[in-house]
Amino acid sequence: MKNLKNKLFIIFSLLCALALTSCMDLYDGSEVPTSFKVTFDGNGGSYIDGGIAATTYSQIYAFAEQKNLIANKFSKANCKFLGWAESATATTATFADEANFSTKTDRTLYAIWSEVTYTVTFVGNGGSTSEGKNTYTQDFKVGEEKALEKMKFVAPEGKTFKGWTETAGTSTCNYHDMDKISVKEDLTLYAVWIWTSNVCTITFEGNDGSTAGGATSYTQELEIGTTEPLRENMFVNPPQAKYFYGWATTANATSKDYSDGQSYPASSPAVTLYAVWVDTNLYVSPNGNDSNSGLTHDLAFKTLQRVVKEITDSKKYGATLDWNVYIDGSVEGNTNIENLIAKSITLAKDPTVGVTTAELNGSNSGTVLKVSTDSDIRINDVTITGGRATDGAGIYIDNASAKITLNSGAKVSDNTATNDGAGVYIKKGHFIVNGGEIISNTATRYGGGVCIDSGEMIFQDGYIGKQNEGNKAAEGAGIYNKGTVKMSSGHITNNEAKNGNNGNGCGVYNCNTGIFEMSSGAITNNFAGVVPTGDINVTSRGGGIYNSGTVNLKGDAIIGTATQASDSSYSNYANQSGGGIYNVGVLTFEDNCTCSIQGNHAKVSGGGLWFSSTSTFTSNTFTSTGDVLSDTRIVLNHANSNWQIKKD
């Protein structure tokens, strides 16, 4: 019996040891997970999941399970997927796409990318390199623009190199030696040879201009008896304040014999063409012609769009040039400035004649001037008028790097928007008013004068609205702002916000995302709603400013100027509340500022200032006596309920 017990104990011990051994992978003092997550990180790549760009996804593995990785879902612009690695900075892949894989822990695999390159193969087509090779290659990255390698082939006997063609067996060149190009796929170029005895050598002289490498001349070989395009102008460094106009057969010419790229009949062994440089002044007139040169008043273009094309065609060196566009009379508007490279463009009256009118006129059709490129455009003594569009009838700005300046003498007037921003609509970009006027514009919804969707307006001086020339809109008749406005001078005046009998924020409607900063200037004589109706159910608020965003008043900013306010005498007016300012956002008087809210009127309450209990009002002299609030800079305002300042 004792022996049997011993045997059973030995058998039991062996079974326990076997069980323990079989579980060693699963237990080490405590139980470990039985499944693990492999996270795939795009490492700069992404894929679309439910309409959203996703940068990770995952796969679940059981302990020590062997199975293939999920196929790669990511893509990355101009890059090729190499595989996966466990380091985001790896340059080579550890695991191939859909590789067999196993894990005993959670792990992250990073996509590894390489830039796509294209190969240009040069074929000797009868020529060979000094090493006797008939081909050589050059690599281009996606989107890269650079010069073709200098031709390496030794010419066949009695011939000279003309250029490169993409089609074997043709003599028409697509490229010349060392042309700057970019490629979108692998490319094969064949050398084109012509007999030396039949060569026309054209020498292009810079005439005070030079190439990117500093050369003052370059050449092109054509076969005598053929007609082919001239080599594109390579002089990207022009004489100061000049632009390339074409080619002439004499060095001191002011007009051109050939345009850039024009077909040239080769008839003699040697020809010299000189670059023609002209001033960066272009002229436009209703009596002009778009087939003219645009270089003088007598040779003016007819439309601004033709002017834009002329500047666009100068793109090689346009980024360094300041252009002057001189306007005589009422010129056709509806101009879209896009894909344009220029240091600046100034629109001004034609100084060579006694101009009484200089305007861009939309003729009640479309936007007068749309800017959708990175440009600095300055408008001097020119009127933008007659636009009719859904948004931005006068000026429409749609580029974050664009900067449009309305200088003294310039106007944006009498434009109509069926939605927003009749005078100026800033979808994105920068708009500066430096003495100009935005007057008599009408928007059905928001921003009769200016509507800022996402961008910045700098108001340095000038007028948004004038007596008998105010802007109109349902809300924000002067300015409707969802971006940023910085006002350091100027006037917002005589605008009218009315939507039926209602209307808010006549001078300025500052939305919940808007920031309005005012350090000087005046907001006066703006009317929110029907003036006056006596109907307290007319819900017009904020004659000067309606604020649900952030307003910061500092310096000597003025909201209203009347010495008294009543039903018949007032500065800014609201049919219900907040004659000067209606605030449901953040309103701050900067410490020690001298700004004032004076002589405004509201039909119900808060003649100077009305603000809600949920809003923020900060002032270093703010005092409270029950429901009636006061501030030393908020004076002589009137409301029928006798609240100069009212907190709801």
# chains A, B, ... in the order shown; residues from 1 in each chain; ligands from 1
call {"tool": "residues_around", "arguments": {"residues": "Ile432 of chain A", "least_positions_apart": "6", "cutoff": "8 Å", "atoms": "only C-alpha atoms", "output": "mmCIF file with all heavy atoms, in the first residue's frame"}}
result
data_model
loop_
_atom_site.group_PDB
_atom_site.id
_atom_site.type_symbol
_atom_site.label_atom_id
_atom_site.label_comp_id
_atom_site.auth_asym_id
_atom_site.auth_seq_id
_atom_site.Cartn_x
_atom_site.Cartn_y
_atom_site.Cartn_z
ATOM 1 N N LYS A 403 -2.283 90.687 -49.844
ATOM 2 C CA LYS A 403 -2.404 91.943 -49.096
ATOM 3 C C LYS A 403 -2.913 93.022 -50.043
ATOM 4 O O LYS A 403 -2.251 93.371 -51.017
ATOM 5 C CB LYS A 403 -1.061 92.360 -48.486
ATOM 6 C CG LYS A 403 -1.167 93.630 -47.641
ATOM 7 C CD LYS A 403 0.124 93.923 -46.897
ATOM 8 C CE LYS A 403 1.196 94.439 -47.808
ATOM 9 N NZ LYS A 403 2.390 94.918 -47.075
ATOM 10 N N ILE A 404 -4.097 93.548 -49.763
ATOM 11 C CA ILE A 404 -4.708 94.582 -50.584
ATOM 12 C C ILE A 404 -4.804 95.849 -49.741
ATOM 13 O O ILE A 404 -5.345 95.822 -48.638
ATOM 14 C CB ILE A 404 -6.119 94.179 -51.057
ATOM 15 C CG1 ILE A 404 -6.146 92.726 -51.541
ATOM 16 C CG2 ILE A 404 -6.623 95.137 -52.130
ATOM 17 C CD1 ILE A 404 -5.216 92.428 -52.671
ATOM 18 N N THR A 405 -4.282 96.964 -50.281
ATOM 19 C CA THR A 405 -4.296 98.232 -49.559
ATOM 20 C C THR A 405 -5.111 99.259 -50.316
ATOM 21 O O THR A 405 -4.887 99.493 -51.505
ATOM 22 C CB THR A 405 -2.864 98.766 -49.354
ATOM 23 O OG1 THR A 405 -2.087 97.777 -48.665
ATOM 24 C CG2 THR A 405 -2.882 100.048 -48.536
ATOM 25 N N LEU A 406 -6.076 99.877 -49.602
ATOM 26 C CA LEU A 406 -6.915 100.933 -50.165
ATOM 27 C C LEU A 406 -6.385 102.261 -49.647
ATOM 28 O O LEU A 406 -6.637 102.651 -48.516
ATOM 29 C CB LEU A 406 -8.363 100.706 -49.736
ATOM 30 C CG LEU A 406 -9.472 101.342 -50.570
ATOM 31 C CD1 LEU A 406 -9.543 100.707 -51.947
ATOM 32 C CD2 LEU A 406 -10.807 101.212 -49.859
ATOM 33 N N MET A 457 -8.250 92.657 -41.142
ATOM 34 C CA MET A 457 -8.417 93.994 -41.686
ATOM 35 C C MET A 457 -7.690 94.978 -40.777
ATOM 36 O O MET A 457 -7.888 94.986 -39.564
ATOM 37 C CB MET A 457 -9.896 94.371 -41.775
ATOM 38 C CG MET A 457 -10.128 95.807 -42.212
ATOM 39 S SD MET A 457 -11.888 96.186 -42.365
ATOM 40 C CE MET A 457 -11.821 97.969 -42.589
ATOM 41 N N ILE A 458 -6.834 95.807 -41.379
ATOM 42 C CA ILE A 458 -6.140 96.865 -40.669
ATOM 43 C C ILE A 458 -6.743 98.185 -41.127
ATOM 44 O O ILE A 458 -6.636 98.551 -42.295
ATOM 45 C CB ILE A 458 -4.628 96.853 -40.959
ATOM 46 C CG1 ILE A 458 -4.028 95.474 -40.681
ATOM 47 C CG2 ILE A 458 -3.920 97.918 -40.141
ATOM 48 C CD1 ILE A 458 -4.097 95.041 -39.257
ATOM 49 N N PHE A 459 -7.400 98.899 -40.192
ATOM 50 C CA PHE A 459 -8.070 100.155 -40.522
ATOM 51 C C PHE A 459 -7.224 101.289 -39.952
ATOM 52 O O PHE A 459 -7.293 101.599 -38.773
ATOM 53 C CB PHE A 459 -9.478 100.149 -39.941
ATOM 54 C CG PHE A 459 -10.370 101.246 -40.457
ATOM 55 C CD1 PHE A 459 -9.982 102.087 -41.481
ATOM 56 C CD2 PHE A 459 -11.628 101.444 -39.906
ATOM 57 C CE1 PHE A 459 -10.808 103.097 -41.961
ATOM 58 C CE2 PHE A 459 -12.481 102.439 -40.362
ATOM 59 C CZ PHE A 459 -12.058 103.275 -41.395
ATOM 60 N N GLN A 460 -6.411 101.910 -40.834
ATOM 61 C CA GLN A 460 -5.474 102.936 -40.385
ATOM 62 C C GLN A 460 -6.033 104.341 -40.544
ATOM 63 O O GLN A 460 -5.673 105.249 -39.796
ATOM 64 C CB GLN A 460 -4.161 102.808 -41.169
ATOM 65 C CG GLN A 460 -3.450 101.495 -40.909
ATOM 66 C CD GLN A 460 -2.233 101.298 -41.786
ATOM 67 O OE1 GLN A 460 -2.142 101.843 -42.890
ATOM 68 N NE2 GLN A 460 -1.293 100.500 -41.322
#
call {"tool": "select_by_dssp", "arguments": {"residues": "segment 342-460 of chain A", "states": "strand (DSSP E)", "output": "compact mmCIF listing (two decimals) with N, CA and C atoms, in the first residue's frame"}}
result
# COMPACT_ATOMS: atom_id res chain seq x y z
N SER A 344 4.83 93.80 -56.18
CA SER A 344 3.65 94.60 -55.88
C SER A 344 3.04 95.11 -57.17
N ILE A 345 1.75 95.45 -57.10
CA ILE A 345 1.04 96.07 -58.22
C ILE A 345 0.29 97.27 -57.65
N THR A 346 0.51 98.43 -58.25
CA THR A 346 -0.19 99.65 -57.82
C THR A 346 -1.14 100.10 -58.93
N LEU A 347 -2.43 100.24 -58.59
CA LEU A 347 -3.42 100.76 -59.52
C LEU A 347 -3.59 102.25 -59.25
N ALA A 348 -3.47 103.07 -60.30
CA ALA A 348 -3.52 104.52 -60.10
C ALA A 348 -4.07 105.20 -61.35
N LYS A 349 -4.42 106.49 -61.20
CA LYS A 349 -4.82 107.29 -62.36
C LYS A 349 -3.66 107.45 -63.32
N ALA A 358 -10.96 107.41 -62.95
CA ALA A 358 -10.17 106.18 -63.03
C ALA A 358 -10.90 105.15 -62.19
N GLU A 359 -11.57 104.23 -62.86
CA GLU A 359 -12.35 103.25 -62.11
C GLU A 359 -12.35 101.91 -62.82
N LEU A 360 -12.54 100.87 -62.01
CA LEU A 360 -12.81 99.53 -62.51
C LEU A 360 -14.28 99.29 -62.29
N ASN A 361 -15.01 99.03 -63.37
CA ASN A 361 -16.47 98.96 -63.31
C ASN A 361 -16.94 97.56 -63.67
N LEU A 369 -13.01 92.88 -58.70
CA LEU A 369 -11.60 92.53 -58.54
C LEU A 369 -11.48 91.39 -57.55
N LYS A 370 -11.11 90.21 -58.06
CA LYS A 370 -10.89 89.05 -57.20
C LYS A 370 -9.40 88.75 -57.14
N VAL A 371 -8.90 88.57 -55.91
CA VAL A 371 -7.47 88.30 -55.72
C VAL A 371 -7.34 86.93 -55.05
N ASP A 376 0.80 91.65 -53.41
CA ASP A 376 0.68 92.92 -52.69
C ASP A 376 0.10 93.92 -53.69
N ILE A 377 -1.18 94.25 -53.54
CA ILE A 377 -1.86 95.13 -54.49
C ILE A 377 -2.27 96.40 -53.78
N ARG A 378 -1.86 97.55 -54.35
CA ARG A 378 -2.12 98.85 -53.75
C ARG A 378 -3.04 99.63 -54.68
N ILE A 379 -4.13 100.14 -54.14
CA ILE A 379 -5.11 100.87 -54.94
C ILE A 379 -5.05 102.33 -54.56
N THR A 383 -11.50 103.93 -58.29
CA THR A 383 -12.77 103.50 -57.70
C THR A 383 -13.12 102.10 -58.19
N ILE A 384 -13.50 101.23 -57.25
CA ILE A 384 -13.98 99.88 -57.56
C ILE A 384 -15.50 99.94 -57.45
N THR A 385 -16.21 99.78 -58.56
CA THR A 385 -17.65 100.04 -58.54
C THR A 385 -18.41 99.13 -59.50
N ARG A 388 -21.64 93.12 -58.88
CA ARG A 388 -22.84 92.44 -58.40
C ARG A 388 -22.54 90.95 -58.34
N ALA A 389 -22.53 90.41 -57.11
CA ALA A 389 -22.14 89.01 -56.93
C ALA A 389 -22.81 88.47 -55.68
N THR A 390 -22.71 87.16 -55.48
CA THR A 390 -23.24 86.54 -54.27
C THR A 390 -22.47 87.04 -53.05
N ASP A 391 -21.15 86.95 -53.10
CA ASP A 391 -20.28 87.46 -52.04
C ASP A 391 -19.17 88.28 -52.68
N ILE A 395 -14.56 93.82 -54.07
CA ILE A 395 -13.27 93.12 -53.96
C ILE A 395 -13.49 91.81 -53.20
N TYR A 396 -12.92 90.73 -53.73
CA TYR A 396 -13.00 89.41 -53.09
C TYR A 396 -11.56 88.93 -52.89
N ILE A 397 -11.16 88.70 -51.62
CA ILE A 397 -9.79 88.28 -51.31
C ILE A 397 -9.81 86.83 -50.84
N ASP A 398 -9.07 85.97 -51.53
CA ASP A 398 -9.13 84.53 -51.25
C ASP A 398 -7.73 83.91 -51.29
N ASN A 399 -6.79 84.50 -50.57
CA ASN A 399 -5.46 83.92 -50.43
C ASN A 399 -4.86 84.43 -49.12
N ALA A 400 -4.41 83.50 -48.28
CA ALA A 400 -3.94 83.89 -46.95
C ALA A 400 -2.74 84.83 -47.00
N SER A 401 -1.98 84.80 -48.10
CA SER A 401 -0.80 85.65 -48.21
C SER A 401 -1.05 86.92 -49.01
N ALA A 402 -2.28 87.12 -49.47
CA ALA A 402 -2.59 88.32 -50.25
C ALA A 402 -2.70 89.53 -49.32
N LYS A 403 -2.28 90.69 -49.84
CA LYS A 403 -2.40 91.94 -49.10
C LYS A 403 -2.91 93.02 -50.04
N ILE A 404 -4.10 93.55 -49.76
CA ILE A 404 -4.71 94.58 -50.58
C ILE A 404 -4.80 95.85 -49.74
N THR A 405 -4.28 96.96 -50.28
CA THR A 405 -4.30 98.23 -49.56
C THR A 405 -5.11 99.26 -50.32
N LEU A 406 -6.08 99.88 -49.60
CA LEU A 406 -6.92 100.93 -50.16
C LEU A 406 -6.38 102.26 -49.65
N ASN A 407 -5.63 102.96 -50.49
CA ASN A 407 -4.98 104.19 -50.08
C ASN A 407 -5.88 105.41 -50.27
N LYS A 411 -11.66 104.34 -53.72
CA LYS A 411 -13.01 104.09 -53.22
C LYS A 411 -13.48 102.70 -53.65
N VAL A 412 -14.30 102.11 -52.79
CA VAL A 412 -15.08 100.93 -53.14
C VAL A 412 -16.53 101.33 -52.92
N SER A 413 -17.28 101.53 -54.00
CA SER A 413 -18.62 102.11 -53.85
C SER A 413 -19.61 101.51 -54.82
N THR A 416 -23.10 95.57 -55.01
CA THR A 416 -24.25 94.87 -54.41
C THR A 416 -23.96 93.38 -54.30
N ALA A 417 -24.16 92.83 -53.08
CA ALA A 417 -24.01 91.39 -52.86
C ALA A 417 -25.35 90.79 -52.45
N THR A 418 -25.73 89.72 -53.10
CA THR A 418 -26.98 89.06 -52.73
C THR A 418 -26.84 88.29 -51.42
N ASN A 419 -25.60 88.06 -50.97
CA ASN A 419 -25.36 87.50 -49.64
C ASN A 419 -24.50 88.46 -48.81
N ASP A 420 -23.17 88.33 -48.88
CA ASP A 420 -22.30 89.00 -47.91
C ASP A 420 -21.19 89.80 -48.59
N VAL A 424 -16.32 94.67 -49.80
CA VAL A 424 -15.13 93.82 -49.72
C VAL A 424 -15.49 92.54 -48.96
N TYR A 425 -15.10 91.39 -49.51
CA TYR A 425 -15.29 90.11 -48.83
C TYR A 425 -13.91 89.47 -48.65
N ILE A 426 -13.54 89.23 -47.40
CA ILE A 426 -12.24 88.64 -47.10
C ILE A 426 -12.47 87.19 -46.67
N LYS A 427 -12.33 86.28 -47.61
CA LYS A 427 -12.44 84.86 -47.26
C LYS A 427 -11.20 84.45 -46.48
N LYS A 428 -10.04 84.93 -46.93
CA LYS A 428 -8.78 84.80 -46.21
C LYS A 428 -7.81 85.79 -46.83
N GLY A 429 -6.90 86.32 -46.01
CA GLY A 429 -5.95 87.31 -46.51
C GLY A 429 -5.95 88.56 -45.65
N HIS A 430 -5.33 89.62 -46.17
CA HIS A 430 -5.14 90.86 -45.43
C HIS A 430 -5.68 92.03 -46.24
N PHE A 431 -6.43 92.90 -45.56
CA PHE A 431 -7.00 94.08 -46.22
C PHE A 431 -6.67 95.29 -45.35
N ILE A 432 -6.08 96.31 -45.98
CA ILE A 432 -5.65 97.51 -45.26
C ILE A 432 -6.38 98.72 -45.83
N VAL A 433 -7.03 99.49 -44.97
CA VAL A 433 -7.65 100.75 -45.38
C VAL A 433 -6.76 101.86 -44.83
N ASN A 434 -6.10 102.57 -45.74
CA ASN A 434 -5.14 103.60 -45.35
C ASN A 434 -5.54 104.92 -46.01
N GLY A 435 -6.75 105.39 -45.68
CA GLY A 435 -7.24 106.64 -46.23
C GLY A 435 -8.30 106.47 -47.29
N GLY A 436 -8.56 105.25 -47.73
CA GLY A 436 -9.59 105.00 -48.74
C GLY A 436 -10.99 105.04 -48.16
N GLU A 437 -11.98 104.92 -49.04
CA GLU A 437 -13.38 104.98 -48.63
C GLU A 437 -14.15 103.77 -49.14
N ILE A 438 -14.98 103.21 -48.26
CA ILE A 438 -15.89 102.11 -48.63
C ILE A 438 -17.29 102.62 -48.34
N ILE A 439 -18.03 102.97 -49.40
CA ILE A 439 -19.28 103.71 -49.23
C ILE A 439 -20.35 103.20 -50.19
N THR A 442 -24.30 97.67 -50.72
CA THR A 442 -25.47 97.03 -50.11
C THR A 442 -25.35 95.52 -50.19
N ALA A 443 -25.44 94.86 -49.01
CA ALA A 443 -25.47 93.40 -48.94
C ALA A 443 -26.80 92.95 -48.37
N VAL A 450 -17.76 95.77 -45.43
CA VAL A 450 -16.74 94.73 -45.40
C VAL A 450 -17.27 93.52 -44.65
N CYS A 451 -17.03 92.33 -45.20
CA CYS A 451 -17.33 91.08 -44.50
C CYS A 451 -16.05 90.28 -44.39
N ILE A 452 -15.65 89.95 -43.16
CA ILE A 452 -14.41 89.21 -42.93
C ILE A 452 -14.78 87.81 -42.46
N GLU A 456 -7.77 89.24 -41.94
CA GLU A 456 -7.43 90.39 -41.12
C GLU A 456 -7.68 91.68 -41.87
N MET A 457 -8.25 92.66 -41.14
CA MET A 457 -8.42 93.99 -41.69
C MET A 457 -7.69 94.98 -40.78
N ILE A 458 -6.83 95.81 -41.38
CA ILE A 458 -6.14 96.87 -40.67
C ILE A 458 -6.74 98.19 -41.13
N PHE A 459 -7.40 98.90 -40.19
CA PHE A 459 -8.07 100.15 -40.52
C PHE A 459 -7.22 101.29 -39.95
N GLN A 460 -6.41 101.91 -40.83
CA GLN A 460 -5.47 102.94 -40.38
C GLN A 460 -6.03 104.34 -40.54
call {"tool": "residues_around", "arguments": {"residues": "Ser548 of chain A", "least_positions_apart": "2", "cutoff": "9 Å", "atoms": "only C-alpha atoms", "output": "list in words"}}
result
Tyr509, Asn510, Cys511, Asn512, Thr513, Gly514, Tyr546, Thr550, Val551, Tyr582, Asn583, Val584, Gly585, Val586 and Ser615 of chain A
call {"tool": "atom_distance", "arguments": {"atom1": "atom CA of Glu496 of chain A", "atom2": "atom CA of Gly478 of chain A"}}
result
7.8 Å
call {"tool": "residues_around", "arguments": {"residues": "Thr312 of chain A", "least_positions_apart": "2", "cutoff": "9 Å", "atoms": "only C-alpha atoms", "output": "list of chain:residue names"}}
result
A:Val307, A:Val308, A:Lys309, A:Glu310, A:Ser314, A:Lys315, A:Gly318, A:Glu338, A:Asn339, A:Leu340, A:Ile341, A:Ala342
call {"tool": "residues_around", "arguments": {"residues": "Ser210 of chain A", "least_positions_apart": "4", "cutoff": "9 Å", "atoms": "only C-alpha atoms", "output": "list in words"}}
result
Glu205, Gly206, Gly214, Ala215, Thr216, Ser217, Met234, Phe235, Val236, Asn237, Pro238 and Pro239 of chain A
call {"tool": "write_last_selection", "arguments": {"atoms": "C-alpha atoms", "output": "compact mmCIF listing (two decimals), in the first residue's frame"}}
result
# COMPACT_ATOMS: atom_id res chain seq x y z
CA GLU A 205 22.63 89.13 -75.68
CA GLY A 206 21.37 90.17 -72.22
CA GLY A 214 25.46 85.33 -64.24
CA ALA A 215 26.00 84.77 -67.98
CA THR A 216 25.27 87.77 -70.22
CA SER A 217 24.70 85.72 -73.38
CA MET A 234 16.98 82.86 -69.84
CA PHE A 235 17.87 86.32 -68.54
CA VAL A 236 16.15 86.20 -65.16
CA ASN A 237 18.12 89.12 -63.69
CA PRO A 238 16.77 92.23 -65.47
CA PRO A 239 18.06 95.80 -65.28
call {"tool": "residues_around", "arguments": {"residues": "Gly124 of chain A", "least_positions_apart": "6", "cutoff": "9 Å", "atoms": "only C-alpha atoms", "output": "list in words"}}
result
Lys133, Asn134, Thr135, Tyr136, Lys152, Phe153, Val154, Ala155, Leu189, Tyr190, Ala191 and Val192 of chain A
call {"tool": "write_last_selection", "arguments": {"atoms": "N, CA and C atoms", "output": "tab-separated table (two decimals), in the first residue's frame"}}
result
chain	number	residue	atom	x	y	z
A	133	LYS	N	30.02	55.40	-74.24
A	133	LYS	CA	28.65	55.00	-73.94
A	133	LYS	C	27.67	55.78	-74.82
A	134	ASN	N	26.58	55.10	-75.18
A	134	ASN	CA	25.57	55.71	-76.04
A	134	ASN	C	24.44	56.37	-75.25
A	135	THR	N	24.43	56.16	-73.92
A	135	THR	CA	23.40	56.76	-73.06
A	135	THR	C	24.01	57.19	-71.73
A	136	TYR	N	23.32	58.09	-71.06
A	136	TYR	CA	23.57	58.39	-69.66
A	136	TYR	C	22.26	58.86	-69.05
A	152	LYS	N	26.79	65.52	-72.86
A	152	LYS	CA	28.06	64.82	-72.67
A	152	LYS	C	28.56	64.09	-73.92
A	153	PHE	N	27.76	64.05	-74.97
A	153	PHE	CA	28.14	63.25	-76.13
A	153	PHE	C	29.12	63.99	-77.03
A	154	VAL	N	30.03	63.22	-77.62
A	154	VAL	CA	30.90	63.73	-78.67
A	154	VAL	C	30.12	63.67	-79.97
A	155	ALA	N	30.06	64.80	-80.70
A	155	ALA	CA	29.23	64.88	-81.90
A	155	ALA	C	29.75	63.96	-83.00
A	189	LEU	N	15.24	61.28	-73.86
A	189	LEU	CA	15.55	62.39	-74.75
A	189	LEU	C	16.63	61.96	-75.75
A	190	TYR	N	16.38	62.29	-77.01
A	190	TYR	CA	17.30	61.91	-78.09
A	190	TYR	C	18.04	63.15	-78.58
A	191	ALA	N	19.36	63.02	-78.71
A	191	ALA	CA	20.16	64.13	-79.22
A	191	ALA	C	19.81	64.40	-80.68
A	192	VAL	N	19.71	65.68	-81.03
A	192	VAL	CA	19.47	66.10	-82.41
A	192	VAL	C	20.74	66.75	-82.94
call {"tool": "residues_around", "arguments": {"residues": "Ile559 of chain A", "least_positions_apart": "4", "cutoff": "6 Å", "atoms": "only C-alpha atoms", "output": "ChimeraX atom specification"}}
result
/A:522-523,597
call {"tool": "closest_residue", "arguments": {"among": "A:Ser612, A:Asn547, A:Asn78, A:Thr219", "to": "Asn504 of chain A", "atoms": "only C-alpha atoms"}}
result
A:Asn547
call {"tool": "closest_atom_pairs", "arguments": {"of": "segment 307-338 of chain A", "to": "segment 286-295 of chain A", "cutoff": "7 Å", "atoms": "only C-alpha atoms", "output": "JSON lines"}}
result
{"residue": "A:Gly329", "atom": "CA", "partner": "A:Pro286", "partner_atom": "CA", "distance": 6.5}
{"residue": "A:Ser330", "atom": "CA", "partner": "A:Pro286", "partner_atom": "CA", "distance": 6.3}
{"residue": "A:Val331", "atom": "CA", "partner": "A:Pro286", "partner_atom": "CA", "distance": 5.2}
call {"tool": "write_last_selection", "arguments": {"atoms": "N, CA and C atoms", "output": "CSV table (one decimal), in the first residue's frame"}}
result
chain,number,residue,atom,x,y,z
A,329,GLY,N,-10.1,106.6,-67.3
A,329,GLY,CA,-11.5,106.4,-67.6
A,329,GLY,C,-12.1,105.2,-66.8
A,330,SER,N,-13.2,104.8,-67.3
A,330,SER,CA,-14.0,103.7,-66.7
A,330,SER,C,-13.6,102.4,-67.5
A,331,VAL,N,-12.9,101.5,-66.8
A,331,VAL,CA,-12.3,100.3,-67.4
A,331,VAL,C,-13.1,99.1,-67.0
call {"tool": "closest_residue", "arguments": {"among": "A:Ser569, A:Ser577, A:Thr493, A:Ser619", "to": "Thr594 of chain A", "atoms": "only C-alpha atoms"}}
result
A:Ser619
call {"tool": "closest_residue", "arguments": {"among": "A:Ala275, A:Ala474, A:Met518, A:Ala319", "to": "Thr211 of chain A", "atoms": "only C-alpha atoms"}}
result
A:Ala275
call {"tool": "atom_distance", "arguments": {"atom1": "atom CA of Gln598 of chain A", "atom2": "atom CA of Arg445 of chain A"}}
result
28.5 Å
call {"tool": "atom_distance", "arguments": {"atom1": "atom CA of Thr119 of chain A", "atom2": "atom CA of Ser182 of chain A"}}
result
11.1 Å
call {"tool": "closest_residue", "arguments": {"among": "A:Lys647, A:Lys159, A:Lys141, A:Arg541", "to": "Lys80 of chain A", "atoms": "only C-alpha atoms"}}
result
A:Lys141
call {"tool": "select_by_dssp", "arguments": {"residues": "segment 137-308 of chain A", "states": "helix (DSSP H, G or I)", "output": "VMD selection string"}}
result
chain A and resid 196 to 198 304 to 308
